[in-house]
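Text of data-v1.txt (compact mmCIF, C-alpha atoms) as supplied:
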```
# COMPACT_ATOMS: atom_id res chain seq x y z
CA MET R 629 20.63 -81.17 46.58
CA SER R 630 18.17 -80.18 43.84
CA THR R 631 16.36 -83.48 43.53
CA SER R 632 12.78 -82.25 43.35
CA THR R 633 10.75 -84.80 41.44
CA THR R 634 7.12 -84.97 40.44
CA GLU R 635 6.51 -86.57 43.84
CA GLY R 636 7.25 -83.19 45.38
CA GLN R 637 9.59 -82.03 48.11
CA GLN R 638 10.53 -84.85 50.43
CA HIS R 639 13.17 -84.33 53.07
CA PRO R 640 14.08 -85.85 56.40
CA LEU R 641 12.06 -84.57 59.32
CA GLY R 642 15.16 -83.62 61.30
CA ILE R 643 15.90 -80.49 59.30
CA TYR R 644 12.42 -79.08 59.99
CA PHE R 645 12.85 -79.54 63.73
CA GLN R 646 16.32 -77.96 63.63
CA ILE R 647 15.03 -74.91 61.77
CA TRP R 648 12.00 -74.73 64.02
CA ILE R 649 14.19 -74.61 67.15
CA LEU R 650 16.49 -72.10 65.50
CA LEU R 651 13.52 -69.85 64.70
CA PHE R 652 12.40 -70.04 68.33
CA VAL R 653 15.87 -69.14 69.56
CA LEU R 654 16.18 -66.23 67.11
CA SER R 655 12.74 -64.93 68.10
CA GLY R 656 13.85 -65.14 71.70
CA PHE R 657 16.92 -63.09 70.84
CA SER R 658 14.75 -60.51 69.04
CA TYR R 659 12.54 -60.22 72.08
CA ALA R 660 15.60 -59.98 74.33
CA VAL R 661 16.74 -56.93 72.35
CA ASP R 662 13.62 -55.15 73.56
CA TYR R 663 13.51 -56.72 77.01
CA LEU R 664 17.12 -55.74 77.78
CA GLN R 665 16.45 -52.31 76.28
CA PHE R 666 19.39 -52.13 73.88
CA GLN R 667 19.33 -48.72 72.23
CA GLY R 668 20.87 -46.87 69.32
CA TYR R 669 22.81 -48.51 66.51
CA LEU R 670 23.26 -51.76 68.45
CA ARG R 671 19.49 -52.22 68.67
CA TRP R 672 19.06 -51.32 65.00
CA PHE R 673 21.79 -53.75 63.95
CA LEU R 674 20.57 -56.68 66.07
CA ILE R 675 16.95 -56.28 64.98
CA VAL R 676 17.90 -56.35 61.29
CA VAL R 677 20.28 -59.29 61.69
CA PHE R 678 17.74 -61.47 63.52
CA MET R 679 15.01 -60.41 61.09
CA MET R 680 17.04 -61.36 58.02
CA LEU R 681 18.21 -64.67 59.56
CA LYS R 682 14.64 -65.67 60.40
CA ALA R 683 13.33 -64.63 56.99
CA GLY R 684 16.16 -66.53 55.28
CA LEU R 685 15.53 -69.72 57.24
CA ILE R 686 11.79 -69.65 56.56
CA VAL R 687 12.23 -69.06 52.82
CA ALA R 688 15.16 -71.46 52.39
CA VAL R 689 13.94 -74.48 54.34
CA PHE R 690 10.24 -74.16 55.24
CA MET R 691 9.41 -72.86 51.76
CA HIS R 692 11.91 -75.29 50.19
CA MET R 693 13.80 -72.63 48.24
CA ILE R 694 17.21 -74.34 48.60
CA TRP R 695 15.83 -77.40 46.84
CA GLU R 696 14.15 -75.54 43.97
CA ARG R 697 15.69 -75.01 40.55
CA MET R 698 17.72 -71.83 40.05
CA ALA R 699 15.23 -70.41 37.50
CA LEU R 700 12.48 -70.26 40.12
CA VAL R 701 14.78 -69.04 42.88
CA TYR R 702 16.01 -66.09 40.80
CA ALA R 703 12.52 -65.25 39.55
CA ILE R 704 11.32 -64.87 43.15
CA ILE R 705 14.35 -63.58 45.04
CA VAL R 706 15.77 -61.01 42.59
CA PRO R 707 12.74 -58.69 42.09
CA PRO R 708 12.42 -57.83 45.81
CA LEU R 709 15.98 -56.46 45.70
CA LEU R 710 14.45 -53.48 43.87
CA LEU R 711 12.76 -52.66 47.15
CA LEU R 712 16.12 -51.50 48.49
CA VAL R 713 15.98 -48.65 45.96
CA PHE R 714 12.46 -47.90 47.18
CA VAL R 715 13.71 -47.84 50.78
CA GLY R 716 16.39 -45.34 49.73
CA ILE R 717 13.82 -43.10 48.02
CA GLY R 718 11.56 -43.33 51.08
CA THR R 719 14.43 -42.30 53.34
CA LEU R 720 15.23 -39.25 51.23
CA GLU R 721 11.57 -38.25 51.14
CA GLY R 722 11.14 -38.78 54.88
CA ASP R 723 14.19 -36.66 55.71
CA TYR R 724 13.08 -33.92 53.34
CA THR R 725 9.57 -33.79 54.78
CA PHE R 726 10.98 -33.69 58.31
CA LEU R 727 13.25 -30.77 57.44
CA THR R 728 10.48 -28.75 55.81
CA ARG R 729 8.22 -29.38 58.80
CA GLU R 730 10.95 -28.23 61.17
CA ILE R 731 11.45 -25.07 59.14
CA PHE R 732 7.80 -24.14 58.52
CA PHE R 733 6.11 -25.45 61.66
CA GLY R 734 9.02 -25.00 64.03
CA GLY R 735 8.38 -28.40 65.55
CA ALA R 736 5.19 -27.13 67.18
CA GLU R 737 2.79 -28.94 64.88
CA MET M 54 16.44 -76.34 19.39
CA THR M 55 13.87 -73.87 20.66
CA GLN M 56 12.80 -72.92 17.15
CA SER M 57 12.30 -76.50 16.03
CA GLY M 58 10.34 -77.11 19.21
CA GLN M 59 8.05 -74.20 18.45
CA ALA M 60 7.70 -75.28 14.83
CA THR M 61 6.57 -78.75 15.76
CA MET M 62 4.16 -77.32 18.31
CA THR M 63 2.49 -75.02 15.80
CA GLU M 64 2.33 -77.85 13.27
CA THR M 65 0.86 -80.48 15.54
CA ALA M 66 -1.52 -78.46 17.73
CA PRO M 67 -4.48 -76.89 15.90
CA LEU M 68 -4.96 -73.23 16.87
CA LEU M 69 -8.15 -72.36 18.70
CA ASP M 70 -10.17 -69.18 18.15
CA GLY M 71 -12.04 -66.88 20.53
CA THR M 72 -11.69 -67.07 24.31
CA PRO M 73 -10.36 -70.66 24.36
CA GLY M 74 -7.76 -69.43 21.87
CA VAL M 75 -6.63 -66.69 24.27
CA ILE M 76 -6.12 -69.26 27.03
CA ALA M 77 -4.45 -71.76 24.71
CA ASP M 78 -2.07 -69.16 23.28
CA TRP M 79 -1.01 -67.86 26.66
CA SER M 80 -0.42 -71.34 28.01
CA SER M 81 1.41 -72.66 24.94
CA ASP M 82 4.76 -71.06 25.71
CA GLN M 83 7.89 -72.94 26.68
CA ARG M 84 7.79 -74.05 30.26
CA ALA M 85 10.21 -71.93 32.31
CA PHE M 86 9.93 -73.58 35.72
CA LYS M 87 10.88 -77.19 35.06
CA LYS M 88 9.68 -79.87 37.49
CA THR M 89 7.58 -77.23 39.26
CA PRO M 90 3.82 -77.83 39.30
CA TRP M 91 1.96 -74.83 37.88
CA GLY M 92 0.10 -74.32 41.13
CA LYS M 93 3.34 -73.87 43.02
CA ALA M 94 4.78 -71.46 40.45
CA MET M 95 1.60 -69.39 40.52
CA MET M 96 1.58 -69.30 44.32
CA TRP M 97 5.17 -68.06 44.31
CA ILE M 98 4.31 -65.31 41.84
CA PHE M 99 1.30 -64.31 43.95
CA LEU M 100 3.52 -64.21 47.02
CA LEU M 101 6.01 -62.05 45.12
CA SER M 102 3.26 -59.53 44.37
CA ASP M 103 2.14 -59.70 47.99
CA THR M 104 5.72 -59.02 49.05
CA PHE M 105 5.53 -55.74 47.16
CA ILE M 106 2.22 -54.80 48.79
CA PHE M 107 3.53 -55.37 52.31
CA SER M 108 6.80 -53.65 51.41
CA CYS M 109 4.85 -50.59 50.26
CA PHE M 110 3.13 -50.52 53.67
CA LEU M 111 6.32 -50.91 55.64
CA ILE M 112 8.29 -48.41 53.56
CA SER M 113 5.44 -45.90 53.90
CA TYR M 114 5.56 -46.52 57.64
CA GLY M 115 9.28 -45.80 57.65
CA THR M 116 8.80 -42.61 55.66
CA VAL M 117 5.94 -41.41 57.89
CA ARG M 118 7.87 -42.19 61.05
CA MET M 119 10.96 -40.35 59.81
CA SER M 120 9.02 -37.29 58.75
CA THR M 121 6.98 -36.66 61.89
CA THR M 122 8.20 -33.93 64.24
CA ILE M 123 6.21 -35.34 67.16
CA PRO M 124 7.85 -38.29 68.97
CA TRP M 125 6.69 -41.75 67.89
CA PRO M 126 4.90 -43.72 70.65
CA ASN M 127 7.20 -46.25 72.33
CA ALA M 128 5.89 -49.61 71.09
CA SER M 129 7.62 -51.40 73.95
CA GLU M 130 5.43 -49.47 76.40
CA VAL M 131 2.24 -49.33 74.32
CA PHE M 132 2.11 -53.11 73.93
CA ALA M 133 3.23 -53.97 77.46
CA LEU M 134 1.11 -56.24 79.62
CA THR M 135 0.88 -56.50 83.37
CA MET M 136 1.16 -60.14 84.38
CA PHE M 137 0.99 -61.20 88.05
CA GLY M 138 1.80 -57.68 89.12
CA ASN M 139 4.85 -57.49 86.82
CA HIS M 140 5.06 -54.99 84.00
CA VAL M 141 6.33 -56.99 80.99
CA PRO M 142 7.09 -55.07 77.80
CA LEU M 143 5.77 -56.39 74.48
CA LEU M 144 4.61 -59.66 76.08
CA LEU M 145 1.50 -60.24 73.97
CA ILE M 146 3.41 -59.60 70.75
CA ALA M 147 6.13 -62.05 71.80
CA ILE M 148 3.52 -64.74 72.50
CA MET M 149 1.86 -64.03 69.13
CA THR M 150 5.24 -64.40 67.43
CA PHE M 151 5.87 -67.77 69.06
CA VAL M 152 2.37 -68.99 68.21
CA LEU M 153 2.88 -68.11 64.55
CA ILE M 154 6.31 -69.77 64.41
CA THR M 155 4.86 -72.89 66.02
CA SER M 156 2.12 -72.94 63.39
CA SER M 157 4.77 -72.61 60.68
CA GLY M 158 6.52 -75.65 62.10
CA THR M 159 3.35 -77.77 62.16
CA MET M 160 2.62 -76.63 58.60
CA ALA M 161 6.07 -77.73 57.39
CA LEU M 162 5.51 -81.11 59.02
CA ALA M 163 2.03 -81.38 57.47
CA VAL M 164 3.57 -80.91 54.01
CA ASN M 165 6.15 -83.58 54.77
CA PHE M 166 3.63 -86.13 56.06
CA GLY M 167 1.37 -85.36 53.12
CA TYR M 168 4.08 -86.41 50.69
CA ARG M 169 4.57 -89.56 52.77
CA LYS M 170 0.86 -90.29 52.09
CA ASP M 171 0.26 -90.31 55.85
CA ARG M 172 -3.28 -89.00 55.66
CA MET M 173 -4.15 -88.90 59.35
CA THR M 174 -0.95 -87.21 60.56
CA CYS M 175 -1.20 -84.67 57.74
CA PHE M 176 -4.81 -83.93 58.76
CA TRP M 177 -4.03 -83.42 62.46
CA LEU M 178 -1.04 -81.21 61.67
CA LEU M 179 -3.13 -79.08 59.29
CA LEU M 180 -5.81 -78.80 61.96
CA ALA M 181 -3.20 -77.79 64.55
CA THR M 182 -1.86 -75.15 62.15
CA ALA M 183 -5.35 -73.77 61.59
CA LEU M 184 -6.08 -73.63 65.32
CA LEU M 185 -2.78 -71.90 66.07
CA GLY M 186 -3.58 -69.40 63.31
CA ALA M 187 -7.02 -68.82 64.83
CA THR M 188 -5.34 -68.28 68.21
CA PHE M 189 -3.10 -65.66 66.63
CA VAL M 190 -6.10 -63.83 65.16
CA GLY M 191 -7.87 -64.02 68.52
CA MET M 192 -4.92 -62.46 70.31
CA GLN M 193 -4.76 -59.77 67.65
CA ALA M 194 -8.44 -59.01 68.22
CA TYR M 195 -7.66 -58.68 71.94
CA GLU M 196 -4.72 -56.38 71.16
CA TRP M 197 -6.86 -54.16 68.93
CA THR M 198 -9.64 -53.99 71.53
CA LYS M 199 -7.19 -53.06 74.28
CA LEU M 200 -5.61 -50.38 72.10
CA ILE M 201 -8.91 -48.87 70.97
CA VAL M 202 -10.86 -49.06 74.24
CA GLU M 203 -8.19 -48.64 76.92
CA GLU M 204 -5.41 -46.69 75.20
CA GLY M 205 -7.65 -44.58 72.99
CA VAL M 206 -5.69 -45.19 69.80
CA ARG M 207 -7.52 -44.05 66.66
CA PRO M 208 -6.40 -43.96 63.02
CA TRP M 209 -6.26 -40.16 63.25
CA GLY M 210 -4.62 -39.77 66.66
CA ASN M 211 -3.65 -41.16 70.02
CA PRO M 212 -2.67 -39.84 73.46
CA MET M 213 0.90 -41.19 73.27
CA GLY M 214 2.47 -39.22 70.44
CA ALA M 215 2.53 -38.98 66.65
CA PRO M 216 -1.04 -39.25 65.28
CA GLN M 217 0.13 -41.38 62.33
CA PHE M 218 0.86 -44.25 64.72
CA GLY M 219 -2.75 -45.47 64.72
CA ALA M 220 -3.22 -45.25 60.97
CA ILE M 221 -0.08 -47.26 60.26
CA PHE M 222 -0.77 -49.77 63.02
CA PHE M 223 -4.34 -50.58 61.98
CA MET M 224 -3.40 -50.67 58.30
CA VAL M 225 -0.39 -52.98 58.59
CA THR M 226 -1.58 -55.38 61.29
CA GLY M 227 -5.10 -55.34 59.85
CA PHE M 228 -3.85 -56.39 56.43
CA HIS M 229 -1.66 -59.07 57.96
CA GLY M 230 -4.51 -60.30 60.18
CA THR M 231 -6.73 -60.57 57.10
CA HIS M 232 -4.09 -62.75 55.46
CA VAL M 233 -3.95 -64.96 58.55
CA SER M 234 -7.76 -65.22 58.67
CA PHE M 235 -8.01 -66.33 55.06
CA GLY M 236 -5.13 -68.73 55.66
CA VAL M 237 -7.03 -70.29 58.57
CA LEU M 238 -10.12 -70.67 56.37
CA PHE M 239 -8.15 -72.41 53.61
CA LEU M 240 -6.29 -74.57 56.14
CA PHE M 241 -9.62 -75.90 57.38
CA ILE M 242 -10.74 -76.55 53.80
CA MET M 243 -7.45 -78.32 53.04
CA ALA M 244 -7.67 -80.39 56.24
CA VAL M 245 -11.16 -81.57 55.27
CA LYS M 246 -9.94 -82.45 51.76
CA VAL M 247 -7.08 -84.47 53.23
CA ILE M 248 -9.20 -86.39 55.77
CA ARG M 249 -11.72 -87.27 53.09
CA GLY M 250 -8.88 -88.86 51.12
CA LYS M 251 -9.34 -86.68 48.06
CA MET M 252 -5.57 -86.39 47.56
CA ASP M 253 -5.04 -90.14 47.86
CA ARG M 254 -7.70 -90.89 45.24
CA GLY M 255 -6.79 -87.92 43.04
CA GLU M 256 -10.38 -86.74 42.84
CA PRO M 257 -11.08 -83.70 40.65
CA GLY M 258 -10.94 -80.42 42.58
CA PHE M 259 -14.05 -78.45 43.44
CA MET M 260 -12.90 -75.33 41.57
CA THR M 261 -10.41 -76.57 38.97
CA GLY M 262 -11.70 -80.03 38.13
CA ARG M 263 -8.10 -81.25 38.06
CA PRO M 264 -6.93 -84.31 39.98
CA GLN M 265 -5.89 -83.28 43.49
CA ASP M 266 -2.64 -84.40 45.08
CA TYR M 267 -0.50 -83.63 48.13
CA GLY M 268 1.26 -80.89 46.16
CA MET M 269 -1.74 -78.76 47.13
CA VAL M 270 -0.71 -79.03 50.78
CA GLU M 271 2.73 -77.74 49.87
CA VAL M 272 1.24 -74.77 47.99
CA MET M 273 -0.98 -74.05 51.01
CA GLY M 274 2.17 -74.28 53.10
CA LEU M 275 3.92 -71.66 50.96
CA TYR M 276 1.11 -69.22 51.66
CA TRP M 277 1.15 -69.97 55.37
CA HIS M 278 4.93 -69.61 55.69
CA PHE M 279 4.67 -66.31 53.83
CA VAL M 280 2.21 -65.04 56.44
CA ASP M 281 4.78 -65.97 59.09
CA LEU M 282 7.50 -64.31 57.03
CA VAL M 283 5.58 -61.04 56.86
CA TRP M 284 5.08 -61.15 60.62
CA VAL M 285 8.87 -61.46 61.06
CA PHE M 286 9.25 -58.11 59.30
CA ILE M 287 6.31 -56.43 61.06
CA PHE M 288 7.56 -57.64 64.44
CA ALA M 289 11.04 -56.30 63.73
CA VAL M 290 10.32 -52.91 62.19
CA PHE M 291 7.04 -51.97 63.83
CA TYR M 292 7.19 -53.44 67.33
CA LEU M 293 10.91 -53.58 68.06
CA TRP M 294 12.25 -50.55 66.18
```

How does this structure look as structure tokens?
Amino acid sequence: MSTSTTEGQQHPLGIYFQIWILLFVLSGFSYAVDYLQFQGYLRWFLIVVFMMLKAGLIVAVFMHMIWERMALVYAIIVPPLLLLVFVGIGTLEGDYTFLTREIFFGGAE
Amino acid sequence: MTQSGQATMTETAPLLDGTPGVIADWSSDQRAFKKTPWGKAMMWIFLLSDTFIFSCFLISYGTVRMSTTIPWPNASEVFALTMFGNHVPLLLIAIMTFVLITSSGTMALAVNFGYRKDRMTCFWLLLATALLGATFVGMQAYEWTKLIVEEGVRPWGNPMGAPQFGAIFFMVTGFHGTHVSFGVLFLFIMAVKVIRGKMDRGEPGFMTGRPQDYGMVEVMGLYWHFVDLVWVFIFAVFYLW
């Protein structure tokens, strides 16, 4: 599939329309999660799944990542994985701050 | 292989001094991204850095939301609209999401028609993308006005719950809206370039002086799709969570 030439990325129009429709449907699903008032872990899970699917489709097809050479793909996709560590640190910090606030302010402030 | 390549380069190319030397030295390395125009590689690296900026915002938001002892305002209720007597949760945000996805679709098509050298179709699609982007910004302005004037949300507090809500909201959506606004500006510039046939004739660019081609539309498209991509994450974690 990696046939990017100096002429640039040229692909059949059909795939753009397919992805476009898919993005609409997924956005509709995301909205339905709120409209139908799913709560708890189900809501959390569905939101993340639809979010990642939409992000993946945009990057892969609209931004042409699946047709780029591996060197570029890795250079762009791998560094953001570090953010997962950052998310973990943020979670620890958030929990810790919440606990200290509960202890010292008693939830009043 | 690499060493002989470097040796021939240092032998054939005379080394420059001073500021031109700095630029020549930095640009003389082996090319890592084969078959990728430099403009596209640079746009990707810019977008990577922008990813980290937006991630910092969203992770801070998560941390702030986890650490507050006062309940977080219910976004579903805060951003609800009353349409024809019906109370619809999150309606404006849903419409904004669909507008931005539509603009992403027209942008992808504009890139495609650009590479087909179809100047007119590329121009109209770029214009449509810009107008959809402007619509998005307009709806965001309406959303901000409603929140500030009617709901009384301020960066330091609001009547609905945790005071951090306003600060995070204005920061994250404001930064994203700024990205969209600049995108709209550059889309208009790009559309004018295309309709004037500058890409077809390969005229030197206004800023760079290099011959312009339809690759520029693709690089513009990368930026625009990124703006849509960021909205996917904001929509999910800020509005739906």

_Distance cut-off 7 Å, counting only C-alpha atoms - which residues of chain M neighbour chain R? Return them as JSON, numbers by chain._
{"M": [86, 88, 101, 112, 116, 117, 119, 120, 121, 122, 142, 147, 151, 158, 161, 165, 168, 268, 275, 278, 282, 285, 286, 289, 293, 294]}

Write to file, as a CSV table (one decimal), in the frame of the given file, the residues of the selection just made, with C-alpha atoms.
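selection_7.csv, freshly written:
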```csv
chain,number,residue,atom,x,y,z
M,86,PHE,CA,9.9,-73.6,35.7
M,88,LYS,CA,9.7,-79.9,37.5
M,101,LEU,CA,6.0,-62.0,45.1
M,112,ILE,CA,8.3,-48.4,53.6
M,116,THR,CA,8.8,-42.6,55.7
M,117,VAL,CA,5.9,-41.4,57.9
M,119,MET,CA,11.0,-40.4,59.8
M,120,SER,CA,9.0,-37.3,58.8
M,121,THR,CA,7.0,-36.7,61.9
M,122,THR,CA,8.2,-33.9,64.2
M,142,PRO,CA,7.1,-55.1,77.8
M,147,ALA,CA,6.1,-62.0,71.8
M,151,PHE,CA,5.9,-67.8,69.1
M,158,GLY,CA,6.5,-75.6,62.1
M,161,ALA,CA,6.1,-77.7,57.4
M,165,ASN,CA,6.2,-83.6,54.8
M,168,TYR,CA,4.1,-86.4,50.7
M,268,GLY,CA,1.3,-80.9,46.2
M,275,LEU,CA,3.9,-71.7,51.0
M,278,HIS,CA,4.9,-69.6,55.7
M,282,LEU,CA,7.5,-64.3,57.0
M,285,VAL,CA,8.9,-61.5,61.1
M,286,PHE,CA,9.2,-58.1,59.3
M,289,ALA,CA,11.0,-56.3,63.7
M,293,LEU,CA,10.9,-53.6,68.1
M,294,TRP,CA,12.2,-50.6,66.2
```

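Distance-wise, atom CA of Leu179 of chain M and atom CA of Val164 of chain M end up 8.7 Å apart.
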
*Quick one: residues within 8 Å of (4.6, -64.5, 50.3) (file frame), counting only C-alpha atoms, please, as a PyMOL selection string.*
chain M and resi 97+99-104+275-276+278-280+282-283

*Selection as a list in words: residues within 10 Å of (0.5, -52.0, 74.4), counting only C-alpha atoms*: Asn127, Ala128, Ser129, Glu130, Val131, Phe132, Ala133, Leu134, Pro142, Leu143, Leu144, Leu145, Ile146, Glu196, Trp197, Lys199, Leu200, Glu203, Glu204 and Tyr292 of chain M

*Quote the spacing between atom CA of Phe137 of chain M and atom CA of Val206 of chain M in Å to one decimal place.*
25.2 Å

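Atom to atom, atom CA of Pro126 of chain M and atom CA of Gly214 of chain M stand 5.1 Å apart.
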
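Among the candidates M:Thr150, M:Thr174, M:Ser157, M:Ser80, the one nearest to Leu654 of chain R when counting only C-alpha atoms is M:Thr150.
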
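Residue nearest Ala85 of chain M, chosen from R:Trp695, R:Phe666, R:Phe732, R:Tyr702 and counting all atoms listed in the file: R:Tyr702.
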
Kindly compute an axis-aligned box around the listed atoms of segment 672-691 of chain R, allowing 8 Å on each side, and express its centre and edge lengths in Å to one decimal as JSON.
```
{"center_x": 15.6, "center_y": -62.9, "center_z": 58.9, "size_x": 28.4, "size_y": 39.2, "size_z": 30.3}
```

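When the distance limit is 10 Å and all atoms listed in the file are what count, the residues near Ala163 of chain M, minus those fewer than 4 positions from it on the same chain, are Ser157, Gly158, Thr159, Gly167, Tyr168, Arg169, Asp171, Arg172, Met173, Thr174, Cys175, Phe176, Trp177, Leu178, Leu179, Leu180, Ala181, Thr182, Ala244, Tyr267, Val270, Glu271 and Gly274 of chain M.
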
Would you mind exporting segment 238-253 of chain M with N, CA and C atoms, as a compact mmCIF listing (two decimals), in the first residue's frame?
```txt
# COMPACT_ATOMS: atom_id res chain seq x y z
N LEU M 238 -8.30 31.07 8.67
CA LEU M 238 -7.52 32.11 7.99
C LEU M 238 -6.63 31.50 6.91
N PHE M 239 -5.90 30.43 7.28
CA PHE M 239 -4.98 29.83 6.31
C PHE M 239 -5.72 29.09 5.21
N LEU M 240 -6.92 28.57 5.53
CA LEU M 240 -7.72 27.93 4.48
C LEU M 240 -8.12 28.94 3.42
N PHE M 241 -8.51 30.14 3.86
CA PHE M 241 -8.86 31.19 2.90
C PHE M 241 -7.64 31.55 2.04
N ILE M 242 -6.49 31.70 2.70
CA ILE M 242 -5.27 32.03 1.95
C ILE M 242 -4.98 30.94 0.92
N MET M 243 -5.08 29.68 1.36
CA MET M 243 -4.79 28.56 0.48
C MET M 243 -5.78 28.51 -0.69
N ALA M 244 -7.06 28.78 -0.38
CA ALA M 244 -8.09 28.76 -1.43
C ALA M 244 -7.77 29.82 -2.50
N VAL M 245 -7.35 31.01 -2.04
CA VAL M 245 -7.01 32.07 -3.00
C VAL M 245 -5.80 31.66 -3.84
N LYS M 246 -4.80 31.04 -3.20
CA LYS M 246 -3.63 30.57 -3.94
C LYS M 246 -4.04 29.58 -5.03
N VAL M 247 -4.95 28.66 -4.65
CA VAL M 247 -5.36 27.62 -5.59
C VAL M 247 -6.11 28.24 -6.77
N ILE M 248 -7.08 29.14 -6.49
CA ILE M 248 -7.90 29.69 -7.57
C ILE M 248 -7.06 30.56 -8.50
N ARG M 249 -6.00 31.15 -7.96
CA ARG M 249 -5.14 31.96 -8.83
C ARG M 249 -4.19 31.10 -9.67
N GLY M 250 -4.23 29.79 -9.43
CA GLY M 250 -3.42 28.88 -10.24
C GLY M 250 -1.94 28.87 -9.89
N LYS M 251 -1.62 29.29 -8.67
CA LYS M 251 -0.21 29.36 -8.28
C LYS M 251 0.41 27.97 -8.17
N MET M 252 -0.42 26.96 -7.76
CA MET M 252 0.10 25.61 -7.66
C MET M 252 0.33 25.01 -9.04
N ASP M 253 -0.58 25.31 -9.97
CA ASP M 253 -0.45 24.75 -11.32
C ASP M 253 0.82 25.28 -12.00
```
